[in-house]
>>> print(open('input01.cif').read())   # mmCIF, C-alpha atoms
data_coords
#
loop_
_atom_site.label_atom_id
_atom_site.label_comp_id
_atom_site.auth_asym_id
_atom_site.auth_seq_id
_atom_site.Cartn_x
_atom_site.Cartn_y
_atom_site.Cartn_z
CA MET A 1 0.00 0.00 0.00
CA PRO A 2 1.50 3.38 -0.94
CA TYR A 3 2.46 5.78 1.80
CA PRO A 4 0.95 8.13 2.57
CA ASP A 5 -2.50 7.13 1.36
CA ARG A 6 -4.24 9.37 -1.16
CA PHE A 7 -6.60 10.47 1.63
CA TYR A 8 -4.56 11.72 4.59
CA PRO A 9 -6.63 13.26 7.42
CA VAL A 10 -4.92 15.42 10.05
CA VAL A 11 -6.56 15.48 13.50
CA ASP A 12 -5.79 16.78 16.98
CA SER A 13 -7.23 14.25 19.40
CA LEU A 14 -7.32 10.57 20.34
CA ALA A 15 -11.08 10.58 19.78
CA TRP A 16 -10.54 11.51 16.14
CA VAL A 17 -7.78 8.92 15.74
CA GLU A 18 -10.11 6.24 17.05
CA ARG A 19 -13.03 7.39 14.90
CA LEU A 20 -10.98 7.43 11.69
CA THR A 21 -9.34 4.10 12.48
CA LYS A 22 -12.77 2.48 12.87
CA LEU A 23 -13.82 3.95 9.50
CA GLY A 24 -10.89 2.23 7.80
CA VAL A 25 -8.59 5.20 7.15
CA GLY A 26 -5.07 4.10 6.16
CA THR A 27 -2.93 7.12 7.13
CA ILE A 28 -3.80 9.43 10.05
CA GLN A 29 -1.68 12.32 11.29
CA LEU A 30 -1.98 13.31 14.94
CA ARG A 31 -1.26 17.02 15.24
CA ALA A 32 -1.75 18.03 18.89
CA LYS A 33 -0.12 21.33 19.74
CA ASP A 34 1.62 22.78 22.80
CA LEU A 35 2.27 19.59 24.76
CA ASP A 36 5.22 19.06 27.08
CA ASP A 37 7.43 15.96 26.87
CA SER A 38 5.32 13.78 29.17
CA GLN A 39 2.04 14.84 27.57
CA SER A 40 3.35 14.24 24.07
CA LEU A 41 4.68 10.81 24.99
CA GLN A 42 1.35 9.90 26.58
CA ILE A 43 -0.78 10.94 23.59
CA VAL A 44 1.53 9.24 21.09
CA THR A 45 1.55 6.05 23.16
CA ASP A 46 -2.24 6.11 23.45
CA ALA A 47 -2.71 6.80 19.73
CA LEU A 48 -0.42 3.90 18.83
CA ALA A 49 -2.47 1.66 21.12
CA ILE A 50 -5.54 2.62 19.09
CA THR A 51 -3.98 2.05 15.68
CA ASN A 52 -1.74 -0.97 16.35
CA GLY A 53 -3.18 -4.11 14.80
CA THR A 54 -5.39 -2.09 12.43
CA GLN A 55 -4.91 -0.88 8.86
CA ALA A 56 -4.18 2.65 10.11
CA ARG A 57 -0.69 4.12 10.08
CA LEU A 58 -0.21 6.81 12.71
CA VAL A 59 1.90 9.80 11.71
CA VAL A 60 3.21 11.82 14.65
CA ASN A 61 3.41 15.55 14.02
CA ASP A 62 6.31 17.47 15.64
CA TYR A 63 7.03 15.29 18.67
CA TRP A 64 9.94 13.31 17.29
CA ARG A 65 11.33 12.36 20.71
CA ALA A 66 7.97 10.92 21.74
CA ALA A 67 7.75 9.13 18.39
CA VAL A 68 11.15 7.51 18.96
CA VAL A 69 10.46 6.51 22.58
CA ALA A 70 6.93 5.21 21.89
CA GLY A 71 8.04 3.17 18.89
CA ALA A 72 6.10 5.04 16.22
CA LYS A 73 6.98 4.38 12.59
CA TYR A 74 5.91 7.63 10.91
CA LEU A 75 6.78 11.26 11.63
CA HIS A 76 5.92 14.63 10.10
CA LEU A 77 7.97 17.76 10.77
CA GLY A 78 7.42 21.39 9.92
CA GLN A 79 10.43 23.50 9.01
CA GLU A 80 11.05 24.84 12.52
CA ASP A 81 10.74 21.37 14.01
CA LEU A 82 13.05 19.99 11.34
CA ALA A 83 15.70 22.56 12.26
CA ASP A 84 15.61 21.42 15.89
CA ALA A 85 15.29 17.67 15.28
CA ASP A 86 18.00 15.03 15.50
CA LEU A 87 17.69 13.48 12.04
CA HIS A 88 20.24 10.81 12.88
CA ALA A 89 18.20 9.66 15.88
CA ILE A 90 15.03 9.73 13.80
CA ARG A 91 16.56 7.55 11.09
CA GLU A 92 18.21 5.25 13.65
CA ALA A 93 14.73 4.63 15.08
CA GLY A 94 13.51 3.64 11.61
CA LEU A 95 10.99 6.45 11.34
CA SER A 96 9.64 7.49 7.95
CA LEU A 97 9.82 11.28 7.63
CA GLY A 98 7.50 13.75 5.93
CA VAL A 99 8.37 17.45 5.76
CA SER A 100 6.26 20.58 5.21
CA THR A 101 7.29 23.11 2.56
CA HIS A 102 5.95 26.52 1.54
CA ASP A 103 8.62 28.03 -0.72
CA GLU A 104 11.78 27.23 -2.67
CA ALA A 105 14.14 27.61 0.28
CA GLU A 106 12.04 25.30 2.41
CA LEU A 107 11.91 22.73 -0.38
CA GLU A 108 15.71 22.71 -0.56
CA THR A 109 15.89 22.26 3.22
CA ALA A 110 13.35 19.45 3.07
CA LEU A 111 15.10 17.60 0.25
CA ALA A 112 18.40 17.78 2.13
CA ALA A 113 16.73 15.71 4.86
CA GLU A 114 15.93 12.98 2.31
CA PRO A 115 12.24 12.82 3.26
CA ASP A 116 9.84 9.99 2.50
CA TYR A 117 7.34 12.57 1.33
CA VAL A 118 7.11 16.34 0.85
CA ALA A 119 4.02 18.36 1.77
CA LEU A 120 3.14 21.59 -0.04
CA GLY A 121 0.74 24.11 1.40
CA PRO A 122 -1.45 25.91 1.83
CA ILE A 123 -2.99 25.14 -1.56
CA PHE A 124 -6.02 27.29 -0.78
CA PHE A 125 -6.82 29.87 1.89
CA THR A 126 -7.24 28.23 5.28
CA THR A 127 -8.69 29.67 8.47
CA LEU A 128 -7.41 26.85 10.68
CA LYS A 129 -4.13 28.48 11.52
CA SER A 130 -2.41 31.74 10.84
CA MET A 131 -0.28 31.30 7.73
CA ARG A 132 2.57 33.60 6.77
CA PHE A 133 2.39 32.20 3.23
CA GLU A 134 -0.13 33.08 0.57
CA PRO A 135 -2.16 30.23 -0.96
CA GLN A 136 0.03 28.26 -3.35
CA GLY A 137 -2.64 27.45 -5.92
CA ILE A 138 -3.00 24.27 -7.95
CA PRO A 139 -0.32 25.05 -10.61
CA LYS A 140 2.34 25.02 -7.85
CA ILE A 141 1.53 21.34 -7.26
CA THR A 142 2.63 20.49 -10.79
CA GLU A 143 5.78 22.55 -10.41
CA TRP A 144 6.69 20.93 -7.07
CA LYS A 145 6.05 17.42 -8.40
CA LYS A 146 8.43 18.02 -11.30
CA ARG A 147 11.06 19.19 -8.81
CA ILE A 148 10.82 16.24 -6.43
CA GLY A 149 10.31 13.45 -8.94
CA THR A 150 9.50 10.10 -7.38
CA ILE A 151 9.16 11.43 -3.82
CA PRO A 152 5.44 11.44 -2.91
CA LEU A 153 3.85 14.90 -2.84
CA VAL A 154 1.15 15.73 -0.29
CA ALA A 155 -1.09 18.75 -0.93
CA ILE A 156 -2.55 20.45 2.15
CA GLY A 157 -4.49 23.57 3.09
CA GLY A 158 -8.15 24.39 2.62
CA ILE A 159 -8.79 21.37 0.38
CA LYS A 160 -12.28 19.92 0.12
CA PHE A 161 -13.47 16.71 -1.50
CA GLU A 162 -14.75 18.69 -4.49
CA HIS A 163 -11.17 19.81 -5.28
CA ALA A 164 -9.67 16.32 -5.15
CA ALA A 165 -9.83 15.30 -8.81
CA GLU A 166 -8.17 18.53 -9.96
CA ILE A 167 -5.45 18.31 -7.31
CA PHE A 168 -4.59 14.70 -8.12
CA ALA A 169 -4.56 15.58 -11.83
CA ALA A 170 -2.07 18.38 -11.09
CA GLY A 171 0.39 15.84 -9.67
CA ALA A 172 -0.36 15.38 -5.98
CA ASP A 173 0.04 11.83 -4.73
CA SER A 174 -1.88 12.46 -1.53
CA ILE A 175 -4.23 15.09 -0.07
CA ALA A 176 -4.01 16.03 3.60
CA VAL A 177 -7.44 17.01 4.88
CA VAL A 178 -8.31 18.83 8.09
CA SER A 179 -11.49 20.93 8.26
CA ASP A 180 -13.26 19.09 5.42
CA VAL A 181 -13.53 16.20 7.88
CA THR A 182 -13.32 17.69 11.37
CA GLN A 183 -15.69 20.59 10.72
CA ASN A 184 -18.06 18.67 8.44
CA ALA A 185 -21.71 18.29 9.43
CA ASP A 186 -21.39 14.53 8.78
CA PRO A 187 -17.72 13.62 9.18
CA ASP A 188 -18.23 9.87 8.75
CA ALA A 189 -20.01 10.30 5.43
CA ARG A 190 -17.30 12.67 4.25
CA VAL A 191 -14.58 10.20 5.19
CA ARG A 192 -16.38 7.48 3.23
CA GLN A 193 -16.47 9.78 0.20
CA TRP A 194 -12.72 10.28 0.40
CA LEU A 195 -12.08 6.59 0.93
CA GLY A 196 -14.28 5.78 -2.05
CA LEU A 197 -12.25 8.13 -4.22
CA SER A 198 -9.04 6.49 -3.02
CA ALA A 199 -10.42 3.03 -3.75
CA GLU A 200 -11.37 4.06 -7.30
CA ALA A 201 -7.80 5.12 -7.97
CA ALA A 202 -6.25 1.95 -6.51
#
>>> encode(input="input01.cif", output="structure tokens")
Amino acid sequence: MPYPDRFYPVVDSLAWVERLTKLGVGTIQLRAKDLDDSQSLQIVTDALAITNGTQARLVVNDYWRAAVVAGAKYLHLGQEDLADADLHAIREAGLSLGVSTHDEAELETALAAEPDYVALGPIFFTTLKSMRFEPQGIPKITEWKKRIGTIPLVAIGGIKFEHAAEIFAAGADSIAVVSDVTQNADPDARVRQWLGLSAEAA
């Protein structure tokens, strides 16, 4: 199964991890902010307990030390986290690494880390977090994919199910989804839509 899956939800709680795991999601990123070392280790350990033995792969956002200690297999780092991380320790632990990018300089930094995937964002305007970067737009996906070649490209930022076909056609291998699931009136139905689209492409 390719990693990350074409549908790649990003959530901030154990409840969401459990809900998505039960729905059959293949790749789930846990992005819980502002935790100390003990809190981050606890939530990563608990999330792994939910996903272990299921089809779901848990991607730990930011907390690379907790990921190493808890025995996670997948990690995602933003640029600031990448600058502070011990890449040798991460690789020694056998962690797959995804890296966020927003501009040319960040792409160069990411590629130097030899990532297992590169994320580009925000594709569209997003209200979920304050972004210092303007929306990238769909043409940037094609440009980035040409630059990175066989490395999987994840598109993120303000993306809804209705955009998916166009974004995949532009060259994205995977779409990271946040509010289109977590703020949806019927999250389970939305997840099934995304999973159906992924199954069609398989």
>>> residues_around(input="input01.cif", residues="A:Leu75", least_positions_apart="6", cutoff="8 Å", atoms="only C-alpha atoms", output="short mmCIF file (atom, residue, chain, number, x, y, z; two decimals) with C-alpha atoms, in the coordinates of the input")
data_model
loop_
_atom_site.label_atom_id
_atom_site.label_comp_id
_atom_site.auth_asym_id
_atom_site.auth_seq_id
_atom_site.Cartn_x
_atom_site.Cartn_y
_atom_site.Cartn_z
CA VAL A 59 1.90 9.80 11.71
CA VAL A 60 3.21 11.82 14.65
CA ASN A 61 3.41 15.55 14.02
CA ASP A 62 6.31 17.47 15.64
CA TRP A 64 9.94 13.31 17.29
CA ALA A 67 7.75 9.13 18.39
CA LEU A 95 10.99 6.45 11.34
CA SER A 96 9.64 7.49 7.95
CA LEU A 97 9.82 11.28 7.63
CA GLY A 98 7.50 13.75 5.93
#
>>> closest_atom_pairs(input="input01.cif", of="stretch 131-186 of chain A", to="stretch 106-109 of chain A", cutoff="12 Å", atoms="all atoms listed in the file", output="CSV")
residue,atom,partner,partner_atom,distance
A:Phe133,CA,A:Glu106,CA,11.9
A:Glu143,CA,A:Leu107,CA,11.8
A:Trp144,CA,A:Leu107,CA,8.7
A:Lys145,CA,A:Leu107,CA,11.3
A:Arg147,CA,A:Leu107,CA,9.2
A:Ile148,CA,A:Leu107,CA,8.9
A:Leu153,CA,A:Leu107,CA,11.5
>>> closest_residue(input="input01.cif", among="A:Leu30, A:Ile123, A:Ala185, A:Ile50", to="A:Ile159", atoms="only C-alpha atoms")
A:Ile123
>>> atom_distance(input="input01.cif", atom1="atom CA of A:Val44", atom2="atom CA of A:Ala155")
24.1 Å
>>> closest_residue(input="input01.cif", among="A:Thr142, A:Ser174, A:Thr182, A:Gln55", to="A:Ala119", atoms="only C-alpha atoms")
A:Ser174
>>> closest_residue(input="input01.cif", among="A:Gly94, A:Gly53, A:Pro139, A:Gly121", to="A:Ala176", atoms="only C-alpha atoms")
A:Gly121
>>> atom_distance(input="input01.cif", atom1="atom CA of A:Gly171", atom2="atom CA of A:Ile28")
21.2 Å
>>> residues_around(input="input01.cif", residues="A:Val17", least_positions_apart="5", cutoff="12 Å", atoms="all atoms listed in the file", output="PyMOL selection string")
chain A and resi 8-12+22-32+43-44+46-52+54+56-60+182
>>> closest_residue(input="input01.cif", among="A:Val69, A:Leu14, A:Ile138, A:Ile151", to="A:His163", atoms="all atoms listed in the file")
A:Ile138
>>> atom_distance(input="input01.cif", atom1="atom CA of A:Arg6", atom2="atom CA of A:Ala199")
9.2 Å
>>> resolve_selection(input="input01.cif", expression="the PyMOL selection byres ((chain A and resi 181) around 12)", output="number ranges by chain")
A: 7-12, 16, 19-20, 158-161, 176-180, 182-195
>>> closest_residue(input="input01.cif", among="A:Asp84, A:Phe125, A:Pro135, A:Val154", to="A:Ser100", atoms="all atoms listed in the file")
A:Val154
>>> resolve_selection(input="input01.cif", expression="the PyMOL selection byres ((chain A and resi 110) around 12)", output="VMD selection string")
chain A and resid 76 to 83 87 97 to 109 111 to 120 148 151
>>> build_atoms(input="input01.cif", residues="stretch 136-153 of chain A", atoms="N, CA and C atoms", output="CSV table (one decimal), in the frame of the given file")
chain,number,residue,atom,x,y,z
A,136,GLN,N,-0.9,28.7,-2.3
A,136,GLN,CA,0.0,28.3,-3.4
A,136,GLN,C,-0.7,28.1,-4.7
A,137,GLY,N,-1.9,27.7,-4.7
A,137,GLY,CA,-2.6,27.4,-5.9
A,137,GLY,C,-2.3,26.1,-6.5
A,138,ILE,N,-3.2,25.6,-7.4
A,138,ILE,CA,-3.0,24.3,-8.0
A,138,ILE,C,-1.8,24.2,-8.9
A,139,PRO,N,-1.5,25.2,-9.7
A,139,PRO,CA,-0.3,25.0,-10.6
A,139,PRO,C,1.0,24.8,-9.9
A,140,LYS,N,1.1,25.2,-8.6
A,140,LYS,CA,2.3,25.0,-7.8
A,140,LYS,C,2.5,23.5,-7.6
A,141,ILE,N,1.4,22.8,-7.5
A,141,ILE,CA,1.5,21.3,-7.3
A,141,ILE,C,2.3,20.7,-8.4
A,142,THR,N,2.0,21.1,-9.6
A,142,THR,CA,2.6,20.5,-10.8
A,142,THR,C,4.1,20.8,-10.8
A,143,GLU,N,4.4,22.1,-10.5
A,143,GLU,CA,5.8,22.6,-10.4
A,143,GLU,C,6.6,21.8,-9.4
A,144,TRP,N,6.0,21.6,-8.2
A,144,TRP,CA,6.7,20.9,-7.1
A,144,TRP,C,6.9,19.5,-7.4
A,145,LYS,N,5.9,18.8,-8.1
A,145,LYS,CA,6.0,17.4,-8.4
A,145,LYS,C,7.2,17.2,-9.4
A,146,LYS,N,7.3,18.1,-10.3
A,146,LYS,CA,8.4,18.0,-11.3
A,146,LYS,C,9.8,18.1,-10.6
A,147,ARG,N,9.8,19.0,-9.6
A,147,ARG,CA,11.1,19.2,-8.8
A,147,ARG,C,11.5,18.0,-8.0
A,148,ILE,N,10.5,17.3,-7.4
A,148,ILE,CA,10.8,16.2,-6.4
A,148,ILE,C,10.8,14.8,-7.0
A,149,GLY,N,10.2,14.7,-8.2
A,149,GLY,CA,10.3,13.4,-8.9
A,149,GLY,C,9.5,12.3,-8.3
A,150,THR,N,10.2,11.3,-7.9
A,150,THR,CA,9.5,10.1,-7.4
A,150,THR,C,9.1,10.2,-5.9
A,151,ILE,N,9.6,11.2,-5.2
A,151,ILE,CA,9.2,11.4,-3.8
A,151,ILE,C,7.7,11.8,-3.8
A,152,PRO,N,6.9,11.1,-3.0
A,152,PRO,CA,5.4,11.4,-2.9
A,152,PRO,C,5.2,12.9,-2.5
A,153,LEU,N,4.2,13.5,-3.1
A,153,LEU,CA,3.8,14.9,-2.8
A,153,LEU,C,2.5,14.9,-2.2
